[in-house]
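Dumped coords-v1.tsv below, it's TSV, C-alpha atoms and all ligand atoms:
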chain	number	residue	atom	x	y	z
A	1	MET	CA	120.18	154.99	42.14
A	2	GLN	CA	119.21	152.09	39.88
A	3	THR	CA	115.90	150.35	40.49
A	4	LYS	CA	115.11	146.81	39.48
A	5	SER	CA	112.21	144.58	40.43
A	6	TYR	CA	112.12	140.84	40.68
A	7	GLN	CA	108.81	139.03	40.51
A	8	PHE	CA	108.82	136.08	42.83
A	9	SER	CA	105.87	133.72	42.80
A	10	SER	CA	104.57	135.13	46.08
A	11	ALA	CA	105.47	138.82	45.67
A	12	LYS	CA	107.35	141.51	43.76
A	13	VAL	CA	110.49	142.90	45.38
A	14	ASP	CA	112.03	146.27	44.50
A	15	TYR	CA	115.82	146.52	44.57
A	16	TYR	CA	117.34	150.00	44.97
A	17	PHE	CA	120.97	149.65	43.97
A	18	ASP	CA	123.47	152.40	44.69
A	19	ALA	CA	120.89	154.17	46.82
A	20	GLY	CA	121.48	156.53	49.69
A	21	PHE	CA	120.06	155.48	53.05
A	22	SER	CA	117.98	158.66	53.06
A	23	TYR	CA	115.83	157.19	50.27
A	24	LEU	CA	114.17	155.21	53.07
A	25	THR	CA	112.25	158.32	54.10
A	26	LYS	CA	110.73	158.43	50.60
A	27	ARG	CA	109.87	154.74	50.55
A	28	ILE	CA	108.21	154.43	53.95
A	29	ASP	CA	106.61	156.63	56.57
A	30	SER	CA	109.00	157.01	59.50
A	31	ALA	CA	106.11	157.57	61.91
A	32	HIS	CA	104.93	154.01	61.27
A	33	ALA	CA	108.27	152.27	61.00
A	34	VAL	CA	110.65	150.44	63.29
A	35	LEU	CA	114.24	149.84	62.25
A	36	ILE	CA	116.00	146.78	63.61
A	37	THR	CA	119.79	146.70	63.64
A	38	ASP	CA	122.72	145.53	65.75
A	39	GLU	CA	125.22	147.39	67.94
A	40	HIS	CA	128.05	147.25	65.38
A	41	VAL	CA	126.03	148.79	62.60
A	42	PHE	CA	124.36	151.28	64.94
A	43	GLN	CA	127.64	152.47	66.51
A	44	SER	CA	129.34	153.01	63.13
A	45	HIS	CA	126.38	154.70	61.42
A	46	LYS	CA	124.53	156.46	64.24
A	47	LYS	CA	123.65	159.52	62.20
A	48	LYS	CA	121.68	157.49	59.70
A	49	PHE	CA	119.31	156.31	62.43
A	50	ALA	CA	118.43	159.78	63.76
A	51	GLY	CA	114.69	160.34	63.82
A	52	TRP	CA	113.73	156.67	63.46
A	53	ASN	CA	112.34	154.26	66.06
A	54	THR	CA	115.18	151.79	66.32
A	55	ILE	CA	115.65	148.47	68.09
A	56	VAL	CA	119.36	147.74	68.58
A	57	LEU	CA	120.30	144.11	69.16
A	58	LYS	CA	123.48	142.41	70.33
A	59	PRO	CA	125.53	141.39	67.29
A	60	GLY	CA	126.40	137.89	66.15
A	61	GLU	CA	125.05	134.52	65.11
A	62	ALA	CA	124.70	133.48	68.78
A	63	TYR	CA	121.79	135.94	68.99
A	64	LYS	CA	119.92	134.50	66.00
A	65	VAL	CA	117.72	132.54	68.41
A	66	GLN	CA	114.19	132.51	69.76
A	67	ALA	CA	115.18	134.52	72.87
A	68	THR	CA	116.11	137.47	70.62
A	69	VAL	CA	112.81	137.14	68.76
A	70	ASP	CA	111.06	137.43	72.14
A	71	THR	CA	113.10	140.54	72.99
A	72	ILE	CA	112.19	142.16	69.67
A	73	ILE	CA	108.51	141.35	70.16
A	74	GLU	CA	108.57	142.88	73.66
A	75	GLN	CA	110.14	146.04	72.27
A	76	LEU	CA	107.61	146.19	69.44
A	77	ILE	CA	104.82	145.99	72.00
A	78	ALA	CA	106.48	148.79	74.00
A	79	LEU	CA	106.69	150.86	70.80
A	80	LYS	CA	102.98	150.15	70.22
A	81	ALA	CA	103.71	148.51	66.90
A	82	ASP	CA	100.55	147.43	65.10
A	83	ARG	CA	99.59	146.01	61.73
A	84	LYS	CA	100.43	149.31	60.04
A	85	THR	CA	104.01	149.20	61.31
A	86	PHE	CA	106.72	148.73	58.71
A	87	LEU	CA	109.83	146.84	59.89
A	88	VAL	CA	113.21	147.44	58.28
A	89	GLY	CA	116.14	145.15	59.03
A	90	ILE	CA	119.43	147.03	58.70
A	91	GLY	CA	122.43	144.79	59.06
A	92	GLY	CA	124.00	141.53	58.07
A	93	GLY	CA	122.23	138.24	57.53
A	94	VAL	CA	121.57	137.74	61.23
A	95	ILE	CA	119.54	140.95	61.33
A	96	THR	CA	117.72	140.37	58.04
A	97	ASP	CA	116.87	136.77	59.04
A	98	LEU	CA	115.61	137.87	62.47
A	99	THR	CA	113.69	140.86	61.13
A	100	GLY	CA	112.10	138.82	58.35
A	101	TYR	CA	111.04	136.19	60.85
A	102	VAL	CA	109.56	138.64	63.34
A	103	ALA	CA	107.78	140.42	60.48
A	104	ALA	CA	106.27	137.09	59.45
A	105	VAL	CA	104.88	136.24	62.87
A	106	TYR	CA	104.18	139.50	64.75
A	107	MET	CA	100.42	140.05	64.52
A	108	ARG	CA	100.51	137.37	61.79
A	109	GLY	CA	102.59	139.53	59.53
A	110	LEU	CA	103.95	143.06	59.13
A	111	ARG	CA	105.34	144.75	56.02
A	112	VAL	CA	109.11	144.50	55.86
A	113	GLY	CA	112.13	145.75	53.91
A	114	PHE	CA	115.87	145.25	54.26
A	115	VAL	CA	119.00	147.37	54.08
A	116	PRO	CA	121.79	144.78	53.89
A	117	THR	CA	125.07	146.07	55.33
A	118	THR	CA	127.45	143.13	54.78
A	119	ILE	CA	128.62	141.78	51.43
A	120	LEU	CA	127.05	138.47	52.42
A	121	ALA	CA	123.68	140.02	53.11
A	122	MET	CA	123.84	142.12	49.92
A	123	VAL	CA	124.46	139.18	47.60
A	124	ASP	CA	122.72	136.44	49.51
A	125	ALA	CA	121.03	136.60	52.91
A	126	SER	CA	118.67	139.50	52.27
A	127	ILE	CA	117.52	138.01	48.94
A	128	GLY	CA	114.94	135.31	48.45
A	129	GLY	CA	112.63	135.66	51.42
A	130	LYS	CA	114.01	132.91	53.64
A	131	ASN	CA	114.22	133.93	57.25
A	132	GLY	CA	114.64	132.15	60.53
A	133	ILE	CA	116.60	131.31	63.61
A	134	ASP	CA	118.99	128.66	64.89
A	135	VAL	CA	118.12	126.04	67.49
A	136	GLY	CA	121.21	124.69	69.26
A	137	VAL	CA	123.64	123.44	66.61
A	138	TYR	CA	120.88	123.32	64.01
A	139	LYS	CA	121.18	126.37	61.79
A	140	ASN	CA	118.00	127.96	60.42
A	141	LEU	CA	115.88	125.10	61.72
A	142	VAL	CA	112.86	127.32	62.30
A	143	GLY	CA	111.63	129.99	59.91
A	144	THR	CA	109.42	130.96	57.00
A	145	ILE	CA	109.72	131.98	53.36
A	146	ARG	CA	108.26	135.45	52.91
A	147	GLN	CA	109.53	138.20	50.62
A	148	PRO	CA	110.48	141.69	51.83
A	149	GLU	CA	108.95	144.56	49.84
A	150	PHE	CA	112.29	146.12	49.02
A	151	LEU	CA	116.05	145.88	49.35
A	152	LEU	CA	117.98	149.11	49.64
A	153	TYR	CA	121.69	148.99	48.80
A	154	ASP	CA	123.76	151.76	50.34
A	155	TYR	CA	127.40	150.82	49.84
A	156	SER	CA	128.60	153.45	52.31
A	157	PHE	CA	127.77	150.95	55.07
A	158	LEU	CA	130.66	148.81	53.84
A	159	LYS	CA	133.23	151.40	54.96
A	160	SER	CA	133.02	150.04	58.49
A	161	LEU	CA	132.81	146.35	57.55
A	162	PRO	CA	135.71	144.34	59.04
A	163	LYS	CA	137.96	142.48	56.60
A	164	GLN	CA	136.86	139.06	57.86
A	165	GLU	CA	133.29	139.96	56.92
A	166	TRP	CA	134.36	140.96	53.42
A	167	ILE	CA	135.99	137.55	53.12
A	168	ASN	CA	132.80	135.85	54.32
A	169	GLY	CA	130.77	137.57	51.64
A	170	PHE	CA	133.21	136.58	48.94
A	171	ALA	CA	132.66	132.93	49.86
A	172	GLU	CA	129.06	133.31	48.60
A	173	ILE	CA	130.22	135.24	45.53
A	174	ILE	CA	132.64	132.43	44.67
A	175	LYS	CA	129.79	129.97	45.31
A	176	HIS	CA	127.58	131.78	42.78
A	177	SER	CA	130.32	131.71	40.17
A	178	CYS	CA	130.91	127.98	40.69
A	179	ILE	CA	127.28	126.95	40.28
A	180	LYS	CA	126.08	129.46	37.68
A	181	ASP	CA	128.59	131.83	36.12
A	182	ALA	CA	131.91	130.68	34.65
A	183	ALA	CA	132.68	134.20	33.36
A	184	LEU	CA	132.32	135.59	36.86
A	185	PHE	CA	134.66	132.85	38.11
A	186	LYS	CA	137.25	134.00	35.57
A	187	GLU	CA	136.87	137.60	36.70
A	188	LEU	CA	137.40	136.54	40.31
A	189	GLU	CA	140.52	134.59	39.31
A	190	LYS	CA	142.00	137.82	37.92
A	191	HIS	CA	141.56	139.91	41.07
A	192	LYS	CA	142.00	139.91	44.81
A	193	LEU	CA	139.78	141.20	47.57
A	194	THR	CA	141.66	144.51	47.79
A	195	HIS	CA	140.72	145.27	44.17
A	196	TYR	CA	137.03	145.32	45.07
A	197	GLN	CA	137.66	147.14	48.35
A	198	LYS	CA	139.36	149.96	46.44
A	199	ASN	CA	137.31	150.06	43.25
A	200	ASN	CA	133.76	151.20	43.95
A	201	THR	CA	132.51	150.78	40.40
A	202	ASP	CA	133.69	147.19	40.12
A	203	LEU	CA	132.32	146.44	43.57
A	204	ALA	CA	128.90	147.84	42.71
A	205	LYS	CA	128.85	145.79	39.48
A	206	LEU	CA	129.92	142.67	41.34
A	207	ILE	CA	127.20	143.07	43.96
A	208	ARG	CA	124.52	143.67	41.33
A	209	ARG	CA	125.64	140.70	39.29
A	210	ASN	CA	125.55	138.44	42.33
A	211	ALA	CA	122.24	139.79	43.57
A	212	ALA	CA	120.93	139.03	40.07
A	213	ILE	CA	122.24	135.46	40.12
A	214	LYS	CA	120.56	134.67	43.40
A	215	SER	CA	117.36	136.52	42.48
A	216	ALA	CA	117.04	134.73	39.14
A	217	VAL	CA	117.44	131.35	40.81
A	218	VAL	CA	114.81	132.21	43.42
A	219	GLU	CA	112.48	133.69	40.80
A	220	LYS	CA	112.42	130.32	39.04
A	221	ASP	CA	112.15	128.24	42.19
A	222	GLU	CA	111.02	130.19	45.23
A	223	PHE	CA	110.09	127.14	47.28
A	224	GLU	CA	113.21	125.12	46.59
A	225	LYS	CA	111.92	122.24	44.54
A	226	GLY	CA	114.71	122.46	41.97
A	227	ASP	CA	117.28	125.09	40.99
A	228	ARG	CA	117.28	126.93	44.33
A	229	ARG	CA	118.92	123.89	45.85
A	230	LEU	CA	122.07	124.79	43.91
A	231	LEU	CA	122.55	127.73	46.27
A	232	ASN	CA	123.35	125.18	48.95
A	233	PHE	CA	126.69	124.39	47.30
A	234	GLY	CA	129.17	123.93	50.15
A	235	HIS	CA	126.44	124.42	52.73
A	236	THR	CA	125.47	120.87	53.73
A	237	LEU	CA	128.79	120.02	55.31
A	238	GLY	CA	129.47	123.71	55.88
A	239	HIS	CA	126.49	124.20	58.15
A	240	ALA	CA	127.31	121.01	60.07
A	241	ILE	CA	130.81	122.21	60.98
A	242	GLU	CA	129.97	125.93	61.30
A	243	ASN	CA	128.41	125.75	64.74
A	244	MET	CA	130.50	122.75	65.86
A	245	TYR	CA	133.72	124.76	65.56
A	246	GLU	CA	132.52	128.36	65.77
A	247	LEU	CA	133.73	128.98	62.25
A	248	SER	CA	132.47	131.97	60.34
A	249	HIS	CA	129.86	131.14	57.72
A	250	GLY	CA	132.29	131.92	54.90
A	251	GLN	CA	135.02	129.74	56.34
A	252	ALA	CA	132.61	126.87	56.91
A	253	ILE	CA	131.12	126.90	53.43
A	254	SER	CA	134.55	127.32	51.90
A	255	ILE	CA	135.59	124.06	53.55
A	256	GLY	CA	132.23	122.65	52.43
A	257	MET	CA	132.84	123.76	48.82
A	258	GLY	CA	136.29	122.15	48.83
A	259	ALA	CA	134.70	118.92	50.08
A	260	ALA	CA	131.87	119.11	47.53
A	261	CYS	CA	134.45	119.52	44.73
A	262	ARG	CA	136.24	116.37	45.85
A	263	ILE	CA	132.96	114.46	46.15
A	264	SER	CA	132.10	115.76	42.66
A	265	GLU	CA	135.34	114.28	41.29
A	266	GLN	CA	134.01	110.86	42.29
A	267	LEU	CA	130.37	111.29	41.29
A	268	THR	CA	130.30	113.66	38.29
A	269	GLY	CA	133.84	113.43	36.95
A	270	PHE	CA	134.49	117.09	37.90
A	271	ARG	CA	138.11	117.95	37.20
A	272	GLU	CA	138.65	121.55	38.29
A	273	THR	CA	138.98	121.28	42.07
A	274	ASP	CA	142.41	122.93	41.94
A	275	ARG	CA	141.02	126.09	40.34
A	276	VAL	CA	138.24	126.36	42.92
A	277	VAL	CA	140.66	125.80	45.80
A	278	LYS	CA	143.01	128.45	44.38
A	279	VAL	CA	140.29	131.10	44.12
A	280	LEU	CA	139.02	130.38	47.64
A	281	GLU	CA	142.54	130.76	49.02
A	282	GLN	CA	143.15	133.90	46.92
A	283	TYR	CA	140.23	135.55	48.76
A	284	GLY	CA	141.52	134.51	52.19
A	285	LEU	CA	139.29	131.48	52.73
A	286	PRO	CA	140.35	128.14	54.27
A	287	VAL	CA	139.69	124.98	52.29
A	288	PHE	CA	141.25	122.05	54.09
A	289	ALA	CA	140.48	121.42	57.75
A	290	GLU	CA	140.46	118.58	60.19
A	291	PHE	CA	137.06	117.99	61.71
A	292	ASP	CA	135.29	115.27	63.65
A	293	ARG	CA	133.74	113.39	60.74
A	294	LYS	CA	131.47	111.24	62.87
A	295	LYS	CA	129.99	114.19	64.71
A	296	ALA	CA	129.71	116.25	61.52
A	297	PHE	CA	127.77	113.41	59.91
A	298	THR	CA	125.41	113.21	62.89
A	299	VAL	CA	124.66	116.94	62.62
A	300	LEU	CA	124.44	116.76	58.84
A	301	LYS	CA	121.74	114.08	59.04
A	302	MET	CA	119.36	116.71	60.43
A	303	ASP	CA	119.91	118.92	57.37
A	304	LYS	CA	116.72	120.10	55.70
A	305	LYS	CA	118.01	118.82	52.36
A	306	ARG	CA	117.77	115.21	53.49
A	307	GLU	CA	114.88	113.26	52.11
A	308	GLN	CA	114.58	110.04	54.07
A	309	ALA	CA	117.53	107.81	53.17
A	310	ALA	CA	119.28	110.21	50.79
A	311	MET	CA	120.74	113.71	50.90
A	312	ASN	CA	120.29	116.14	48.03
A	313	TYR	CA	123.90	117.19	47.62
A	314	VAL	CA	125.10	120.00	45.39
A	315	LEU	CA	127.98	118.98	43.15
A	316	LEU	CA	129.76	120.60	40.23
A	317	GLN	CA	129.86	119.21	36.70
A	318	LYS	CA	132.23	121.97	35.69
A	319	ILE	CA	132.94	125.50	36.85
A	320	GLY	CA	129.73	127.47	36.27
A	321	LYS	CA	127.52	124.39	36.25
A	322	GLY	CA	126.20	122.98	39.50
A	323	THR	CA	123.98	119.94	39.78
A	324	VAL	CA	122.01	118.28	42.58
A	325	GLN	CA	122.35	114.56	43.25
A	326	ALA	CA	120.57	112.45	45.83
A	327	ILE	CA	123.35	110.60	47.63
A	328	PRO	CA	122.26	107.67	49.82
A	329	MET	CA	123.18	108.43	53.43
A	330	ASP	CA	125.49	105.42	53.87
A	331	GLN	CA	127.41	106.33	50.71
A	332	LEU	CA	127.63	109.94	51.86
A	333	GLN	CA	129.03	108.84	55.19
A	334	GLN	CA	131.74	106.91	53.36
A	335	LEU	CA	132.53	109.83	51.05
A	336	ILE	CA	132.89	112.17	54.01
A	337	ASN	CA	135.08	109.73	55.91
A	338	GLN	CA	137.36	109.56	52.87
A	339	LEU	CA	137.80	113.31	52.49
A	401	LIG	N1	118.02	133.96	54.55
A	401	LIG	C1	118.92	133.52	53.70
A	401	LIG	O1	118.60	133.17	52.56
A	401	LIG	C2	120.33	133.48	54.12
A	401	LIG	C3	121.32	133.23	53.17
A	401	LIG	C4	122.64	133.24	53.60
A	401	LIG	C5	122.96	133.48	54.91
A	401	LIG	N2	121.97	133.70	55.81
A	401	LIG	C6	122.28	133.95	57.21
A	401	LIG	O2	123.03	135.14	57.29
A	401	LIG	C7	123.84	135.09	58.46
A	401	LIG	C8	125.23	135.54	58.12
A	401	LIG	O3	125.17	136.85	57.61
A	401	LIG	P1	126.34	137.90	57.90
A	401	LIG	O4	127.63	137.31	57.57
A	401	LIG	O5	125.95	139.17	57.24
A	401	LIG	O6	126.30	137.97	59.49
A	401	LIG	P2	126.05	139.09	60.59
A	401	LIG	O7	124.74	139.69	60.46
A	401	LIG	O8	126.39	138.42	61.87
A	401	LIG	O9	127.15	140.19	60.28
A	401	LIG	C9	128.51	139.88	60.45
A	401	LIG	C10	129.19	140.85	61.43
A	401	LIG	O10	129.34	142.10	60.78
A	401	LIG	C11	128.79	143.14	61.58
A	401	LIG	N3	128.33	144.16	60.63
A	401	LIG	C12	127.30	144.07	59.76
A	401	LIG	N4	127.30	145.13	58.95
A	401	LIG	C13	128.33	145.91	59.32
A	401	LIG	C14	128.85	147.15	58.85
A	401	LIG	N5	128.33	147.74	57.77
A	401	LIG	N6	129.91	147.67	59.49
A	401	LIG	C15	130.48	147.03	60.55
A	401	LIG	N7	130.06	145.86	61.02
A	401	LIG	C16	128.99	145.30	60.40
A	401	LIG	C17	127.74	142.46	62.41
A	401	LIG	O11	127.45	143.17	63.57
A	401	LIG	C18	128.40	141.13	62.70
A	401	LIG	O12	129.31	141.29	63.75
A	401	LIG	C19	123.77	133.68	58.97
A	401	LIG	O13	122.93	133.64	60.08
A	401	LIG	C20	123.15	132.91	57.82
A	401	LIG	O14	122.41	131.79	58.24
A	401	LIG	C21	120.68	133.71	55.44
A	402	ZN	ZN	125.57	130.86	52.85
Just give me the structure of the file as structure tokens.
Ligand SMILES: NC(=O)c1ccc[n+]([C@@H]2O[C@H](COP(=O)([O-])OP(=O)(O)OC[C@H]3O[C@@H](n4cnc5c(N)ncnc54)[C@H](O)[C@@H]3O)[C@@H](O)[C@H]2O)c1
Ligand SMILES: [Zn+2]
Amino acid sequence: MQTKSYQFSSAKVDYYFDAGFSYLTKRIDSAHAVLITDEHVFQSHKKKFAGWNTIVLKPGEAYKVQATVDTIIEQLIALKADRKTFLVGIGGGVITDLTGYVAAVYMRGLRVGFVPTTILAMVDASIGGKNGIDVGVYKNLVGTIRQPEFLLYDYSFLKSLPKQEWINGFAEIIKHSCIKDAALFKELEKHKLTHYQKNNTDLAKLIRRNAAIKSAVVEKDEFEKGDRRLLNFGHTLGHAIENMYELSHGQAISIGMGAACRISEQLTGFRETDRVVKVLEQYGLPVFAEFDRKKAFTVLKMDKKREQAAMNYVLLQKIGKGTVQAIPMDQLQQLINQL
């Protein structure tokens, strides 16, 4: 196990990389803990949950809503959870977002840690303290920013992860390389998904490197006044079309990244769209898609990155260097119509 701590402005978070799940018993007291997971994770890893109070939720983004929060709260009451109770979210980003949110509001705040079990949650969703739920088509409209105390990485969970979920996670990895790490982009160009599925050492390094990229960005800018906005590369349009078309998050942001590259060509003089498109396709992600531009723009207007008449849009100057530009809404509408 390798331990690393990141000091965010609001709290320190311990990362246990390459840890076994059983380390949880050393980190927290199982008598005062409730694990929250979903049916997929629970069914595939039942043995790991033996001896723990566990709340098992229905899987999927459709359940990242207030009704599920209510269900969790009812079960916490039934389990007599109090302020001493430690919550641990064990799952993908849906579970870590829900668990973080419940931990922020139940009795005005419980201690919380995460065991991310998807690539996406390992490199992205479990890191940075953002949590929340969806409201209708509006993703993550309601939530808080509050750090977990620890993240425990047990890669054995990935054995049961479906291929489509691997692909989803790689969309965020490619995103990190585009905005921050040209060398990582080059490494990704050299390989395919199967390389990382077969090679545990390279996978562990890749996950650490990506967890470090996200953590460093958040360390500098926990409350998203500057650099943290870069992490939204591909996400403005991506989020708008994700719920409209029931795309996976990875597919949606991949299309969003392709669009952001083409918008960058016009606004920053970016000239490497072809390389980005090639890497996305190499990892099984879609880039070009027909979508209802008018409706997408209507949904996009509600995005949290809009500030009055302009949208803070993440563009690329070159591979490895993202930048944020405020694009006036009418210009953005035109750019999207032209895609
Ligand atoms: N808080 C943040 O900063 C942040 C950042 C990025 C994404 N997110 C959120 O994360 C969510 C997406 O995360 P996700 O892709 O991990 O989604 P997810 O939690 O829905 O997991 C994807 C699927 O994989 C299954 N699964 C998870 N782990 C498994 C395992 N080890 N074996 C077998 N099946 C497994 C789940 O049951 C689900 O069906 C979105 O809601 C997104 O908004 C949050
Ligand atoms: Zn994302």
Spatial neighbours of region 289-306 of chain A, max dist 7 Å, all atoms listed in the file, sep filter under 5 positions, as a short mmCIF file (atom, residue, chain, number, x, y, z; two decimals) with C-alpha atoms, in the coordinates of the input:
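result.cif, freshly written:
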data_model
loop_
_atom_site.label_atom_id
_atom_site.label_comp_id
_atom_site.auth_asym_id
_atom_site.auth_seq_id
_atom_site.Cartn_x
_atom_site.Cartn_y
_atom_site.Cartn_z
CA THR A 236 125.47 120.87 53.73
CA LEU A 237 128.79 120.02 55.31
CA ALA A 240 127.31 121.01 60.07
CA ILE A 241 130.81 122.21 60.98
CA ILE A 255 135.59 124.06 53.55
CA MET A 311 120.74 113.71 50.90
CA ASN A 312 120.29 116.14 48.03
CA GLN A 333 129.03 108.84 55.19
CA ILE A 336 132.89 112.17 54.01
CA ASN A 337 135.08 109.73 55.91
#
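Coordinates place CA of Gly143 (chain A) at a distance of 21.4 Å from CA of Ala252 (chain A).
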- Residue nearest ligand LIG 401 (chain A) among A:Phe21, A:Phe223, A:Tyr16, A:Phe42 (counting only C-alpha atoms and all ligand atoms): A:Phe42
- Message: Residues near region 124-137 of chain A, anyone? I mean within 9 Å using all atoms listed in the file, not counting same-chain ones fewer than 5 positions away, as a VMD selection string.
- Response: chain A and resid 8 61 to 66 69 92 to 94 96 to 102 104 114 to 116 119 142 to 148 151 169 172 to 173 210 to 211 214 to 215 217 to 219 222 239 to 240 242 to 244 299
Requested write-out: C-alpha atoms of the selected residues, as a PDB file, in the coordinates of the input:
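See part16.pdb below for the written result:
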ATOM      1  CA  PHE A   8     108.820 136.080  42.830  1.00  0.00           C
ATOM      2  CA  GLU A  61     125.050 134.520  65.110  1.00  0.00           C
ATOM      3  CA  ALA A  62     124.700 133.480  68.780  1.00  0.00           C
ATOM      4  CA  TYR A  63     121.790 135.940  68.990  1.00  0.00           C
ATOM      5  CA  LYS A  64     119.920 134.500  66.000  1.00  0.00           C
ATOM      6  CA  VAL A  65     117.720 132.540  68.410  1.00  0.00           C
ATOM      7  CA  GLN A  66     114.190 132.510  69.760  1.00  0.00           C
ATOM      8  CA  VAL A  69     112.810 137.140  68.760  1.00  0.00           C
ATOM      9  CA  GLY A  92     124.000 141.530  58.070  1.00  0.00           C
ATOM     10  CA  GLY A  93     122.230 138.240  57.530  1.00  0.00           C
ATOM     11  CA  VAL A  94     121.570 137.740  61.230  1.00  0.00           C
ATOM     12  CA  THR A  96     117.720 140.370  58.040  1.00  0.00           C
ATOM     13  CA  ASP A  97     116.870 136.770  59.040  1.00  0.00           C
ATOM     14  CA  LEU A  98     115.610 137.870  62.470  1.00  0.00           C
ATOM     15  CA  THR A  99     113.690 140.860  61.130  1.00  0.00           C
ATOM     16  CA  GLY A 100     112.100 138.820  58.350  1.00  0.00           C
ATOM     17  CA  TYR A 101     111.040 136.190  60.850  1.00  0.00           C
ATOM     18  CA  VAL A 102     109.560 138.640  63.340  1.00  0.00           C
ATOM     19  CA  ALA A 104     106.270 137.090  59.450  1.00  0.00           C
ATOM     20  CA  PHE A 114     115.870 145.250  54.260  1.00  0.00           C
ATOM     21  CA  VAL A 115     119.000 147.370  54.080  1.00  0.00           C
ATOM     22  CA  PRO A 116     121.790 144.780  53.890  1.00  0.00           C
ATOM     23  CA  ILE A 119     128.620 141.780  51.430  1.00  0.00           C
ATOM     24  CA  VAL A 142     112.860 127.320  62.300  1.00  0.00           C
ATOM     25  CA  GLY A 143     111.630 129.990  59.910  1.00  0.00           C
ATOM     26  CA  THR A 144     109.420 130.960  57.000  1.00  0.00           C
ATOM     27  CA  ILE A 145     109.720 131.980  53.360  1.00  0.00           C
ATOM     28  CA  ARG A 146     108.260 135.450  52.910  1.00  0.00           C
ATOM     29  CA  GLN A 147     109.530 138.200  50.620  1.00  0.00           C
ATOM     30  CA  PRO A 148     110.480 141.690  51.830  1.00  0.00           C
ATOM     31  CA  LEU A 151     116.050 145.880  49.350  1.00  0.00           C
ATOM     32  CA  GLY A 169     130.770 137.570  51.640  1.00  0.00           C
ATOM     33  CA  GLU A 172     129.060 133.310  48.600  1.00  0.00           C
ATOM     34  CA  ILE A 173     130.220 135.240  45.530  1.00  0.00           C
ATOM     35  CA  ASN A 210     125.550 138.440  42.330  1.00  0.00           C
ATOM     36  CA  ALA A 211     122.240 139.790  43.570  1.00  0.00           C
ATOM     37  CA  LYS A 214     120.560 134.670  43.400  1.00  0.00           C
ATOM     38  CA  SER A 215     117.360 136.520  42.480  1.00  0.00           C
ATOM     39  CA  VAL A 217     117.440 131.350  40.810  1.00  0.00           C
ATOM     40  CA  VAL A 218     114.810 132.210  43.420  1.00  0.00           C
ATOM     41  CA  GLU A 219     112.480 133.690  40.800  1.00  0.00           C
ATOM     42  CA  GLU A 222     111.020 130.190  45.230  1.00  0.00           C
ATOM     43  CA  HIS A 239     126.490 124.200  58.150  1.00  0.00           C
ATOM     44  CA  ALA A 240     127.310 121.010  60.070  1.00  0.00           C
ATOM     45  CA  GLU A 242     129.970 125.930  61.300  1.00  0.00           C
ATOM     46  CA  ASN A 243     128.410 125.750  64.740  1.00  0.00           C
ATOM     47  CA  MET A 244     130.500 122.750  65.860  1.00  0.00           C
ATOM     48  CA  VAL A 299     124.660 116.940  62.620  1.00  0.00           C
TER      49      VAL A 299
END
Could you list, as a tab-separated table (two decimals) with C-alpha atoms, keeping the file's coordinate frame, all protein and nucleic acid residues with an atom at most 9 Å from ligand ZN 402 (chain A), counting only C-alpha atoms and all ligand atoms?
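And here is the file that came out, selection-v3.tsv:
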chain	number	residue	atom	x	y	z
A	120	LEU	CA	127.05	138.47	52.42
A	124	ASP	CA	122.72	136.44	49.51
A	125	ALA	CA	121.03	136.60	52.91
A	168	ASN	CA	132.80	135.85	54.32
A	169	GLY	CA	130.77	137.57	51.64
A	171	ALA	CA	132.66	132.93	49.86
A	172	GLU	CA	129.06	133.31	48.60
A	175	LYS	CA	129.79	129.97	45.31
A	231	LEU	CA	122.55	127.73	46.27
A	232	ASN	CA	123.35	125.18	48.95
A	233	PHE	CA	126.69	124.39	47.30
A	234	GLY	CA	129.17	123.93	50.15
A	235	HIS	CA	126.44	124.42	52.73
A	238	GLY	CA	129.47	123.71	55.88
A	239	HIS	CA	126.49	124.20	58.15
A	249	HIS	CA	129.86	131.14	57.72
A	250	GLY	CA	132.29	131.92	54.90
A	253	ILE	CA	131.12	126.90	53.43
- Quick one: of A:Glu189, A:Asp18, A:Glu165, A:Asp29, who's nearest to ligand LIG 401 (chain A), counting only C-alpha atoms and all ligand atoms? A:Glu165
- Query: Which of these residues is nearest to Phe17 (chain A), using only C-alpha atoms: A:Leu206, A:Arg111, A:Glu246, A:Lys278?
  - Reply: A:Leu206
- Query: Which of these residues is nearest to ligand LIG 401 (chain A), using all atoms listed in the file: A:Ile28, A:Leu315, A:Cys178, A:Leu57?
  - Reply: A:Leu57
Dump of region 309-321 of chain A from preceding block, C-alpha atoms, as a CSV table (one decimal), in the first residue's frame:
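That gives us out.csv:
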chain,number,residue,atom,x,y,z
A,309,ALA,CA,-24.5,36.5,-20.5
A,310,ALA,CA,-21.4,34.4,-21.0
A,311,MET,CA,-20.3,30.8,-20.5
A,312,ASN,CA,-16.9,29.9,-19.1
A,313,TYR,CA,-15.9,27.3,-21.7
A,314,VAL,CA,-12.9,25.1,-21.5
A,315,LEU,CA,-10.8,25.2,-24.7
A,316,LEU,CA,-7.4,23.8,-25.6
A,317,GLN,CA,-4.4,26.0,-26.7
A,318,LYS,CA,-2.4,22.8,-27.4
A,319,ILE,CA,-2.4,19.3,-26.1
A,320,GLY,CA,-1.6,19.4,-22.4
A,321,LYS,CA,-2.7,23.0,-22.1
